[in-house]
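Asker: Contents of work-v9.pdb (PDB, C-alpha atoms and all ligand atoms) are below:
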ATOM      1  CA  MET A   1      85.163 114.706  78.346  1.00  0.00           C
ATOM      2  CA  ARG A   2      84.793 114.509  82.136  1.00  0.00           C
ATOM      3  CA  LEU A   3      81.849 112.593  83.492  1.00  0.00           C
ATOM      4  CA  ILE A   4      80.383 111.398  86.775  1.00  0.00           C
ATOM      5  CA  LEU A   5      77.956 108.485  86.945  1.00  0.00           C
ATOM      6  CA  LEU A   6      75.597 108.426  89.917  1.00  0.00           C
ATOM      7  CA  GLY A   7      73.009 105.813  90.807  1.00  0.00           C
ATOM      8  CA  PRO A   8      72.228 103.058  93.310  1.00  0.00           C
ATOM      9  CA  PRO A   9      74.227  99.824  93.550  1.00  0.00           C
ATOM     10  CA  GLY A  10      73.453  97.649  90.538  1.00  0.00           C
ATOM     11  CA  ALA A  11      72.194 100.498  88.344  1.00  0.00           C
ATOM     12  CA  GLY A  12      74.811  99.556  85.737  1.00  0.00           C
ATOM     13  CA  LYS A  13      77.364 102.307  86.434  1.00  0.00           C
ATOM     14  CA  GLY A  14      80.382 100.018  85.949  1.00  0.00           C
ATOM     15  CA  THR A  15      79.093  98.544  82.689  1.00  0.00           C
ATOM     16  CA  GLN A  16      78.196 101.928  81.234  1.00  0.00           C
ATOM     17  CA  ALA A  17      81.440 103.519  82.454  1.00  0.00           C
ATOM     18  CA  LYS A  18      83.464 100.867  80.576  1.00  0.00           C
ATOM     19  CA  LEU A  19      81.522 101.503  77.351  1.00  0.00           C
ATOM     20  CA  LEU A  20      81.823 105.269  77.697  1.00  0.00           C
ATOM     21  CA  ALA A  21      85.556 105.053  78.440  1.00  0.00           C
ATOM     22  CA  GLU A  22      86.044 103.062  75.228  1.00  0.00           C
ATOM     23  CA  LYS A  23      83.866 105.326  73.099  1.00  0.00           C
ATOM     24  CA  PHE A  24      85.461 108.578  74.211  1.00  0.00           C
ATOM     25  CA  ASN A  25      88.939 107.173  74.849  1.00  0.00           C
ATOM     26  CA  ILE A  26      88.953 108.395  78.449  1.00  0.00           C
ATOM     27  CA  GLN A  27      89.915 106.750  81.752  1.00  0.00           C
ATOM     28  CA  GLN A  28      87.361 104.889  83.836  1.00  0.00           C
ATOM     29  CA  ILE A  29      87.987 105.515  87.518  1.00  0.00           C
ATOM     30  CA  SER A  30      86.067 103.142  89.760  1.00  0.00           C
ATOM     31  CA  THR A  31      86.801 103.402  93.480  1.00  0.00           C
ATOM     32  CA  GLY A  32      85.094 100.006  93.935  1.00  0.00           C
ATOM     33  CA  ASP A  33      87.464  98.346  91.415  1.00  0.00           C
ATOM     34  CA  ILE A  34      90.517 100.038  92.937  1.00  0.00           C
ATOM     35  CA  LEU A  35      89.487  98.907  96.431  1.00  0.00           C
ATOM     36  CA  ARG A  36      88.773  95.335  95.270  1.00  0.00           C
ATOM     37  CA  GLN A  37      92.234  95.229  93.678  1.00  0.00           C
ATOM     38  CA  ALA A  38      93.750  96.432  96.960  1.00  0.00           C
ATOM     39  CA  VAL A  39      91.848  93.694  98.849  1.00  0.00           C
ATOM     40  CA  LYS A  40      93.106  91.098  96.377  1.00  0.00           C
ATOM     41  CA  ASN A  41      96.698  92.321  96.738  1.00  0.00           C
ATOM     42  CA  LYS A  42      96.288  92.415 100.537  1.00  0.00           C
ATOM     43  CA  THR A  43      97.706  95.944 100.752  1.00  0.00           C
ATOM     44  CA  LYS A  44      97.362  97.875 104.008  1.00  0.00           C
ATOM     45  CA  MET A  45      94.489  99.879 102.515  1.00  0.00           C
ATOM     46  CA  GLY A  46      92.847  96.701 101.174  1.00  0.00           C
ATOM     47  CA  LEU A  47      92.995  94.920 104.519  1.00  0.00           C
ATOM     48  CA  LYS A  48      91.400  97.914 106.220  1.00  0.00           C
ATOM     49  CA  ALA A  49      88.697  98.363 103.561  1.00  0.00           C
ATOM     50  CA  LYS A  50      87.650  94.701 103.291  1.00  0.00           C
ATOM     51  CA  SER A  51      85.438  94.446 106.373  1.00  0.00           C
ATOM     52  CA  TYR A  52      83.526  97.617 105.444  1.00  0.00           C
ATOM     53  CA  MET A  53      83.021  96.384 101.904  1.00  0.00           C
ATOM     54  CA  ASP A  54      81.890  92.908 102.980  1.00  0.00           C
ATOM     55  CA  GLN A  55      79.284  94.466 105.239  1.00  0.00           C
ATOM     56  CA  GLY A  56      77.980  96.808 102.545  1.00  0.00           C
ATOM     57  CA  LYS A  57      79.259  99.866 104.411  1.00  0.00           C
ATOM     58  CA  LEU A  58      81.208 102.768 102.940  1.00  0.00           C
ATOM     59  CA  VAL A  59      84.977 102.918 103.273  1.00  0.00           C
ATOM     60  CA  SER A  60      86.108 106.132 104.992  1.00  0.00           C
ATOM     61  CA  ASP A  61      85.950 109.376 103.022  1.00  0.00           C
ATOM     62  CA  ASN A  62      89.671 110.035 103.606  1.00  0.00           C
ATOM     63  CA  VAL A  63      90.691 106.769 101.981  1.00  0.00           C
ATOM     64  CA  VAL A  64      88.576 107.150  98.834  1.00  0.00           C
ATOM     65  CA  ILE A  65      89.344 110.864  98.458  1.00  0.00           C
ATOM     66  CA  GLY A  66      93.066 109.965  98.598  1.00  0.00           C
ATOM     67  CA  ILE A  67      92.542 107.328  95.895  1.00  0.00           C
ATOM     68  CA  ILE A  68      90.760 109.787  93.604  1.00  0.00           C
ATOM     69  CA  LYS A  69      93.268 112.601  94.056  1.00  0.00           C
ATOM     70  CA  ASP A  70      96.153 110.246  93.212  1.00  0.00           C
ATOM     71  CA  ARG A  71      94.332 108.927  90.197  1.00  0.00           C
ATOM     72  CA  LEU A  72      93.353 112.359  88.822  1.00  0.00           C
ATOM     73  CA  ASP A  73      96.965 113.504  89.135  1.00  0.00           C
ATOM     74  CA  ASN A  74      98.008 110.765  86.739  1.00  0.00           C
ATOM     75  CA  ALA A  75      98.876 111.985  83.234  1.00  0.00           C
ATOM     76  CA  ASP A  76      96.499 109.472  81.591  1.00  0.00           C
ATOM     77  CA  CYS A  77      93.538 111.453  82.963  1.00  0.00           C
ATOM     78  CA  SER A  78      94.449 114.600  81.056  1.00  0.00           C
ATOM     79  CA  LYS A  79      92.273 113.622  78.067  1.00  0.00           C
ATOM     80  CA  GLY A  80      89.277 113.023  80.297  1.00  0.00           C
ATOM     81  CA  PHE A  81      87.801 110.549  82.755  1.00  0.00           C
ATOM     82  CA  ILE A  82      84.639 109.006  84.012  1.00  0.00           C
ATOM     83  CA  LEU A  83      84.056 108.580  87.735  1.00  0.00           C
ATOM     84  CA  ASP A  84      82.072 105.484  88.617  1.00  0.00           C
ATOM     85  CA  GLY A  85      81.129 104.986  92.275  1.00  0.00           C
ATOM     86  CA  PHE A  86      82.610 108.289  93.427  1.00  0.00           C
ATOM     87  CA  PRO A  87      81.482 110.597  94.984  1.00  0.00           C
ATOM     88  CA  ARG A  88      79.206 108.741  97.370  1.00  0.00           C
ATOM     89  CA  THR A  89      78.896 111.296 100.188  1.00  0.00           C
ATOM     90  CA  ILE A  90      78.563 115.085 100.354  1.00  0.00           C
ATOM     91  CA  GLN A  91      82.050 115.309 101.848  1.00  0.00           C
ATOM     92  CA  GLN A  92      83.490 113.372  98.910  1.00  0.00           C
ATOM     93  CA  ALA A  93      81.657 115.691  96.483  1.00  0.00           C
ATOM     94  CA  GLU A  94      83.048 118.757  98.229  1.00  0.00           C
ATOM     95  CA  SER A  95      86.606 117.423  98.219  1.00  0.00           C
ATOM     96  CA  LEU A  96      86.257 116.541  94.548  1.00  0.00           C
ATOM     97  CA  SER A  97      85.053 120.002  93.712  1.00  0.00           C
ATOM     98  CA  GLN A  98      88.055 121.540  95.532  1.00  0.00           C
ATOM     99  CA  ALA A  99      90.498 119.198  93.796  1.00  0.00           C
ATOM    100  CA  LEU A 100      89.045 120.013  90.362  1.00  0.00           C
ATOM    101  CA  LYS A 101      89.188 123.727  91.105  1.00  0.00           C
ATOM    102  CA  GLN A 102      92.897 123.412  91.968  1.00  0.00           C
ATOM    103  CA  MET A 103      93.465 121.570  88.704  1.00  0.00           C
ATOM    104  CA  GLU A 104      91.456 124.266  86.875  1.00  0.00           C
ATOM    105  CA  ILE A 105      89.115 121.747  85.297  1.00  0.00           C
ATOM    106  CA  ASP A 106      85.398 121.028  85.600  1.00  0.00           C
ATOM    107  CA  ILE A 107      82.953 118.164  85.122  1.00  0.00           C
ATOM    108  CA  ASP A 108      81.017 118.249  81.829  1.00  0.00           C
ATOM    109  CA  TYR A 109      78.115 115.967  82.748  1.00  0.00           C
ATOM    110  CA  LEU A 110      76.738 114.202  85.795  1.00  0.00           C
ATOM    111  CA  ILE A 111      74.487 111.358  84.852  1.00  0.00           C
ATOM    112  CA  ASP A 112      72.140 109.824  87.378  1.00  0.00           C
ATOM    113  CA  ILE A 113      70.930 106.351  86.394  1.00  0.00           C
ATOM    114  CA  GLU A 114      67.471 106.004  87.942  1.00  0.00           C
ATOM    115  CA  ILE A 115      66.015 102.602  88.596  1.00  0.00           C
ATOM    116  CA  ASP A 116      63.390 100.773  90.639  1.00  0.00           C
ATOM    117  CA  PHE A 117      64.763  99.140  93.820  1.00  0.00           C
ATOM    118  CA  ASN A 118      62.899  95.816  93.419  1.00  0.00           C
ATOM    119  CA  TYR A 119      64.384  95.394  89.980  1.00  0.00           C
ATOM    120  CA  LEU A 120      67.838  96.030  91.422  1.00  0.00           C
ATOM    121  CA  ILE A 121      67.705  93.139  93.897  1.00  0.00           C
ATOM    122  CA  GLN A 122      67.064  90.808  90.972  1.00  0.00           C
ATOM    123  CA  ARG A 123      69.934  92.339  89.045  1.00  0.00           C
ATOM    124  CA  LEU A 124      72.493  92.303  91.830  1.00  0.00           C
ATOM    125  CA  THR A 125      71.888  88.735  92.937  1.00  0.00           C
ATOM    126  CA  GLY A 126      72.582  87.514  89.364  1.00  0.00           C
ATOM    127  CA  ARG A 127      75.839  89.374  88.995  1.00  0.00           C
ATOM    128  CA  TRP A 128      79.198  87.587  88.496  1.00  0.00           C
ATOM    129  CA  THR A 129      82.649  89.189  88.393  1.00  0.00           C
ATOM    130  CA  CYS A 130      85.972  87.903  87.047  1.00  0.00           C
ATOM    131  CA  ARG A 131      88.497  87.265  89.816  1.00  0.00           C
ATOM    132  CA  GLU A 132      91.378  88.127  87.475  1.00  0.00           C
ATOM    133  CA  CYS A 133      90.360  91.132  85.339  1.00  0.00           C
ATOM    134  CA  GLY A 134      87.207  92.404  87.107  1.00  0.00           C
ATOM    135  CA  GLU A 135      84.963  92.034  84.029  1.00  0.00           C
ATOM    136  CA  GLY A 136      81.266  91.944  85.004  1.00  0.00           C
ATOM    137  CA  TYR A 137      78.619  89.441  83.823  1.00  0.00           C
ATOM    138  CA  HIS A 138      74.982  88.759  84.588  1.00  0.00           C
ATOM    139  CA  LYS A 139      73.306  85.391  84.455  1.00  0.00           C
ATOM    140  CA  MET A 140      70.259  86.844  82.629  1.00  0.00           C
ATOM    141  CA  SER A 141      71.323  89.919  80.667  1.00  0.00           C
ATOM    142  CA  ASN A 142      75.011  89.304  79.960  1.00  0.00           C
ATOM    143  CA  PRO A 143      76.012  85.669  80.559  1.00  0.00           C
ATOM    144  CA  PRO A 144      79.569  84.471  79.857  1.00  0.00           C
ATOM    145  CA  LYS A 145      80.001  82.087  76.899  1.00  0.00           C
ATOM    146  CA  LYS A 146      81.126  79.336  79.270  1.00  0.00           C
ATOM    147  CA  LYS A 147      79.530  79.129  82.725  1.00  0.00           C
ATOM    148  CA  GLY A 148      81.862  80.357  85.488  1.00  0.00           C
ATOM    149  CA  VAL A 149      84.658  81.430  83.092  1.00  0.00           C
ATOM    150  CA  CYS A 150      85.555  84.935  81.897  1.00  0.00           C
ATOM    151  CA  ASP A 151      85.229  85.449  78.111  1.00  0.00           C
ATOM    152  CA  LYS A 152      88.120  87.899  78.102  1.00  0.00           C
ATOM    153  CA  CYS A 153      90.853  86.220  80.179  1.00  0.00           C
ATOM    154  CA  ASP A 154      89.553  82.739  81.133  1.00  0.00           C
ATOM    155  CA  GLY A 155      89.612  83.855  84.797  1.00  0.00           C
ATOM    156  CA  GLU A 156      87.265  82.321  87.349  1.00  0.00           C
ATOM    157  CA  LEU A 157      83.926  84.115  87.873  1.00  0.00           C
ATOM    158  CA  TYR A 158      82.708  84.668  91.432  1.00  0.00           C
ATOM    159  CA  GLN A 159      79.830  86.349  93.208  1.00  0.00           C
ATOM    160  CA  ARG A 160      81.016  89.387  95.151  1.00  0.00           C
ATOM    161  CA  ASP A 161      80.470  88.999  98.920  1.00  0.00           C
ATOM    162  CA  ASP A 162      78.637  92.288  98.866  1.00  0.00           C
ATOM    163  CA  ASP A 163      76.211  91.011  96.184  1.00  0.00           C
ATOM    164  CA  LYS A 164      74.621  88.563  98.645  1.00  0.00           C
ATOM    165  CA  GLU A 165      71.058  89.492  99.527  1.00  0.00           C
ATOM    166  CA  GLU A 166      71.578  90.608 103.185  1.00  0.00           C
ATOM    167  CA  THR A 167      74.489  92.847 102.196  1.00  0.00           C
ATOM    168  CA  ILE A 168      72.527  94.309  99.301  1.00  0.00           C
ATOM    169  CA  GLN A 169      69.838  95.534 101.728  1.00  0.00           C
ATOM    170  CA  LYS A 170      72.554  97.268 103.748  1.00  0.00           C
ATOM    171  CA  ARG A 171      74.090  98.824 100.608  1.00  0.00           C
ATOM    172  CA  PHE A 172      70.684 100.262  99.629  1.00  0.00           C
ATOM    173  CA  GLU A 173      70.212 101.675 103.106  1.00  0.00           C
ATOM    174  CA  VAL A 174      73.648 103.326 102.893  1.00  0.00           C
ATOM    175  CA  TYR A 175      72.850 104.609  99.395  1.00  0.00           C
ATOM    176  CA  ARG A 176      69.595 106.227 100.530  1.00  0.00           C
ATOM    177  CA  LYS A 177      71.179 107.865 103.540  1.00  0.00           C
ATOM    178  CA  GLU A 178      74.613 108.910 102.250  1.00  0.00           C
ATOM    179  CA  THR A 179      74.547 109.027  98.462  1.00  0.00           C
ATOM    180  CA  GLU A 180      71.026 110.004  97.390  1.00  0.00           C
ATOM    181  CA  PRO A 181      71.389 113.528  98.904  1.00  0.00           C
ATOM    182  CA  LEU A 182      74.029 114.133  96.199  1.00  0.00           C
ATOM    183  CA  LYS A 183      71.212 114.496  93.683  1.00  0.00           C
ATOM    184  CA  ASP A 184      70.010 117.685  95.383  1.00  0.00           C
ATOM    185  CA  TYR A 185      73.585 118.832  95.865  1.00  0.00           C
ATOM    186  CA  TYR A 186      74.361 118.563  92.145  1.00  0.00           C
ATOM    187  CA  GLN A 187      70.909 119.679  90.991  1.00  0.00           C
ATOM    188  CA  LYS A 188      71.772 123.098  92.387  1.00  0.00           C
ATOM    189  CA  ASN A 189      74.632 123.608  89.935  1.00  0.00           C
ATOM    190  CA  GLY A 190      72.421 122.540  87.048  1.00  0.00           C
ATOM    191  CA  LYS A 191      74.611 119.730  85.771  1.00  0.00           C
ATOM    192  CA  LEU A 192      72.569 116.730  86.859  1.00  0.00           C
ATOM    193  CA  ASN A 193      70.932 114.722  84.088  1.00  0.00           C
ATOM    194  CA  ALA A 194      68.699 111.777  84.948  1.00  0.00           C
ATOM    195  CA  ILE A 195      68.274 108.837  82.603  1.00  0.00           C
ATOM    196  CA  LYS A 196      66.191 105.683  82.992  1.00  0.00           C
ATOM    197  CA  GLY A 197      68.249 102.628  83.941  1.00  0.00           C
ATOM    198  CA  ASP A 198      65.819  99.886  82.873  1.00  0.00           C
ATOM    199  CA  GLY A 199      66.242  97.885  79.659  1.00  0.00           C
ATOM    200  CA  GLY A 200      69.272  96.394  77.937  1.00  0.00           C
ATOM    201  CA  ILE A 201      72.884  97.543  78.165  1.00  0.00           C
ATOM    202  CA  GLN A 202      72.925  99.092  74.671  1.00  0.00           C
ATOM    203  CA  GLU A 203      69.587 100.828  75.244  1.00  0.00           C
ATOM    204  CA  ILE A 204      70.887 102.539  78.380  1.00  0.00           C
ATOM    205  CA  PHE A 205      74.165 103.371  76.630  1.00  0.00           C
ATOM    206  CA  SER A 206      72.226 105.126  73.831  1.00  0.00           C
ATOM    207  CA  ARG A 207      70.271 107.157  76.379  1.00  0.00           C
ATOM    208  CA  ILE A 208      73.556 108.397  77.840  1.00  0.00           C
ATOM    209  CA  THR A 209      75.314 109.097  74.541  1.00  0.00           C
ATOM    210  CA  ASN A 210      72.248 110.918  73.179  1.00  0.00           C
ATOM    211  CA  LEU A 211      72.461 113.176  76.166  1.00  0.00           C
ATOM    212  CA  ILE A 212      76.139 114.022  75.993  1.00  0.00           C
ATOM    213  CA  THR A 213      76.885 114.185  72.267  1.00  0.00           C
TER     214      THR A 213
HETATM  215  P1  LIG B   1      81.071  99.462  94.065  1.00  0.00           P
HETATM  216  O1  LIG B   1      81.809  98.465  93.248  1.00  0.00           O
HETATM  217  O2  LIG B   1      81.140 100.839  93.506  1.00  0.00           O
HETATM  218  O3  LIG B   1      79.657  99.022  94.369  1.00  0.00           O
HETATM  219  O4  LIG B   1      81.828  99.528  95.491  1.00  0.00           O
HETATM  220  C1  LIG B   1      81.969  98.389  96.326  1.00  0.00           C
HETATM  221  C2  LIG B   1      82.241  98.818  97.758  1.00  0.00           C
HETATM  222  O5  LIG B   1      83.472  99.569  97.808  1.00  0.00           O
HETATM  223  C3  LIG B   1      81.180  99.742  98.369  1.00  0.00           C
HETATM  224  O6  LIG B   1      80.078  99.046  98.908  1.00  0.00           O
HETATM  225  C4  LIG B   1      82.025 100.445  99.452  1.00  0.00           C
HETATM  226  O7  LIG B   1      82.258  99.591 100.562  1.00  0.00           O
HETATM  227  C5  LIG B   1      83.365 100.643  98.745  1.00  0.00           C
HETATM  228  N1  LIG B   1      83.383 101.933  97.997  1.00  0.00           N
HETATM  229  C6  LIG B   1      83.470 102.103  96.644  1.00  0.00           C
HETATM  230  N2  LIG B   1      83.449 103.399  96.319  1.00  0.00           N
HETATM  231  C7  LIG B   1      83.345 104.086  97.483  1.00  0.00           C
HETATM  232  C8  LIG B   1      83.252 105.464  97.822  1.00  0.00           C
HETATM  233  N3  LIG B   1      83.257 106.424  96.883  1.00  0.00           N
HETATM  234  N4  LIG B   1      83.133 105.791  99.131  1.00  0.00           N
HETATM  235  C9  LIG B   1      83.151 104.843 100.100  1.00  0.00           C
HETATM  236  N5  LIG B   1      83.207 103.530  99.862  1.00  0.00           N
HETATM  237  C10 LIG B   1      83.308 103.137  98.560  1.00  0.00           C
END
Any chance you could put this one into structure tokens?

Answerer:
Amino acid sequence: MRLILLGPPGAGKGTQAKLLAEKFNIQQISTGDILRQAVKNKTKMGLKAKSYMDQGKLVSDNVVIGIIKDRLDNADCSKGFILDGFPRTIQQAESLSQALKQMEIDIDYLIDIEIDFNYLIQRLTGRWTCRECGEGYHKMSNPPKKKGVCDKCDGELYQRDDDKEETIQKRFEVYRKETEPLKDYYQKNGKLNAIKGDGGIQEIFSRITNLIT
């Protein structure tokens, strides 16, 4: 099973990708998570990416395309994968398509999670992430058992710099300009499936699994 999840920031791509990866026993590949890990480890790539991420801008195509190619080459992706947060530009989509062609594989489903922008602001500003393992929480829909502490690893929960309201506006602007055109791009090859992104986590998960199984 090879999947791509598209959708604006806060649509729930990361949450759904984790559930899908578990259900189908495939790898979740999140460029956002990989970049955040690089920032945390202060690698050369992380130091370069940080200022773009903090401002809600996209990291350069070359960097994220490199990340994805490396990751897809890894043996653990042979059973399948789910891309979450990539591609985000037409150039990334084209490079992905070339890489997949070389590997003689194809994407089975592209799922676009559609959601109202006003609702998203509310969602994103309530989001908390574990500093240690990256697990995501939400103060309304998915609170941790103990405030500020990760249920899974006891790590400290923090609000991502790019989940602050000013940065969110910038991320939406970038999404509209750079990422939304991907819908038309993928519509042309007939693989794009839109699902509604409102409601609870399990409700959205069922919409996706109904579509692909
Ligand atoms: P995410 O967790 O997917 O919302 O990503 C967080 C941030 O990482 C984004 O706002 C970008 O700065 C950067 N990023 C993640 N994925 C990509 C990508 N495919 N292309 C460019 N920048 C990305």

Asker: Specify as a PyMOL selection string each residue included when the PyMOL selection byres (((not hetatm)) within 10 of (chain B and resi 1)) is applied to this file.

Answerer: chain A and resi 7-14+30-36+49-65+67-68+83-89+91-93+160-163+167-168+170-172+174-175+178-179

Asker: Any chance you could work out the residue set of the PyMOL selection byres (((chain A and resi 149) around 12) and not hetatm) here, as a ChimeraX atom specification?

Answerer: /A:128-137,143-148,150-158

Asker: Taking only C-alpha atoms into account, name the residue in A:Phe205, A:Asp198, A:Lys44, A:Ile82 that is nearest to Leu120 of chain A.

Answerer: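 Closest candidate: A:Asp198.
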
Asker: Let me make sure I understand: among A:Leu124, A:Val39, A:Leu182, A:Met45, which one has the smallest atom-to-atom distance to Leu5 of chain A if we use only C-alpha atoms?

Answerer: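 Nearest candidate to Leu5 of chain A out of A:Leu124, A:Val39, A:Leu182, A:Met45: A:Leu182.
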
Asker: For a test of reading the model, state the distance in Å between atom CA of Leu47 of chain A and atom CA of Gln28 of chain A, rounded to one decimal.

Answerer: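 According to the coordinates, atom CA of Leu47 of chain A and atom CA of Gln28 of chain A are separated by 23.6 Å.
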
Asker: Here is a test: counting all atoms listed in the file, which residue of A:Ala38, A:Ala194, A:Leu20, A:Ala75 is nearest to Asp112 of chain A?

Answerer: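 That would be A:Ala194, the residue with the smallest distance to Asp112 of chain A.
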
Asker: What would the list of residues within 12 Å of (94.3, 115.6, 75.0) (file frame) look like as a ChimeraX atom specification, if only C-alpha atoms are what count?

Answerer: /A:1-2,24-27,75-81

Asker: Quick one: which residues end up in the PyMOL selection byres (((chain A and resi 99) around 12) and not hetatm) for this structure, as a ChimeraX atom specification?

Answerer: /A:65-66,68-73,92-98,100-107

Asker: Could you write out that same residue set with C-alpha atoms as a compact mmCIF listing (two decimals), in the coordinates of the input?

Answerer:
# COMPACT_ATOMS: atom_id res chain seq x y z
CA ILE A 65 89.34 110.86 98.46
CA GLY A 66 93.07 109.96 98.60
CA ILE A 68 90.76 109.79 93.60
CA LYS A 69 93.27 112.60 94.06
CA ASP A 70 96.15 110.25 93.21
CA ARG A 71 94.33 108.93 90.20
CA LEU A 72 93.35 112.36 88.82
CA ASP A 73 96.96 113.50 89.14
CA GLN A 92 83.49 113.37 98.91
CA ALA A 93 81.66 115.69 96.48
CA GLU A 94 83.05 118.76 98.23
CA SER A 95 86.61 117.42 98.22
CA LEU A 96 86.26 116.54 94.55
CA SER A 97 85.05 120.00 93.71
CA GLN A 98 88.06 121.54 95.53
CA LEU A 100 89.04 120.01 90.36
CA LYS A 101 89.19 123.73 91.10
CA GLN A 102 92.90 123.41 91.97
CA MET A 103 93.46 121.57 88.70
CA GLU A 104 91.46 124.27 86.88
CA ILE A 105 89.12 121.75 85.30
CA ASP A 106 85.40 121.03 85.60
CA ILE A 107 82.95 118.16 85.12

Asker: Using atom CA of Ile4 of chain A and atom CA of Lys23 of chain A as the two end points, give the distance in Å to one decimal.

Answerer: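 Calculated distance between atom CA of Ile4 of chain A and atom CA of Lys23 of chain A is 15.4 Å.
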
Asker: Given the choices A:Leu6, A:Leu19, A:Ile29, A:Ile201, which gets closest to Asn74 of chain A if the distance is worked out from all atoms listed in the file?

Answerer: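 For Asn74 of chain A, the nearest of the given residues is A:Ile29.
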
Asker: Please determine, counting all atoms listed in the file, which residue among A:Asn210, A:Gln159, A:Gln169, A:Gln37 has the shortest atom-to-atom distance to Phe117 of chain A.

Answerer: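 For Phe117 of chain A, the nearest of the given residues is A:Gln169.
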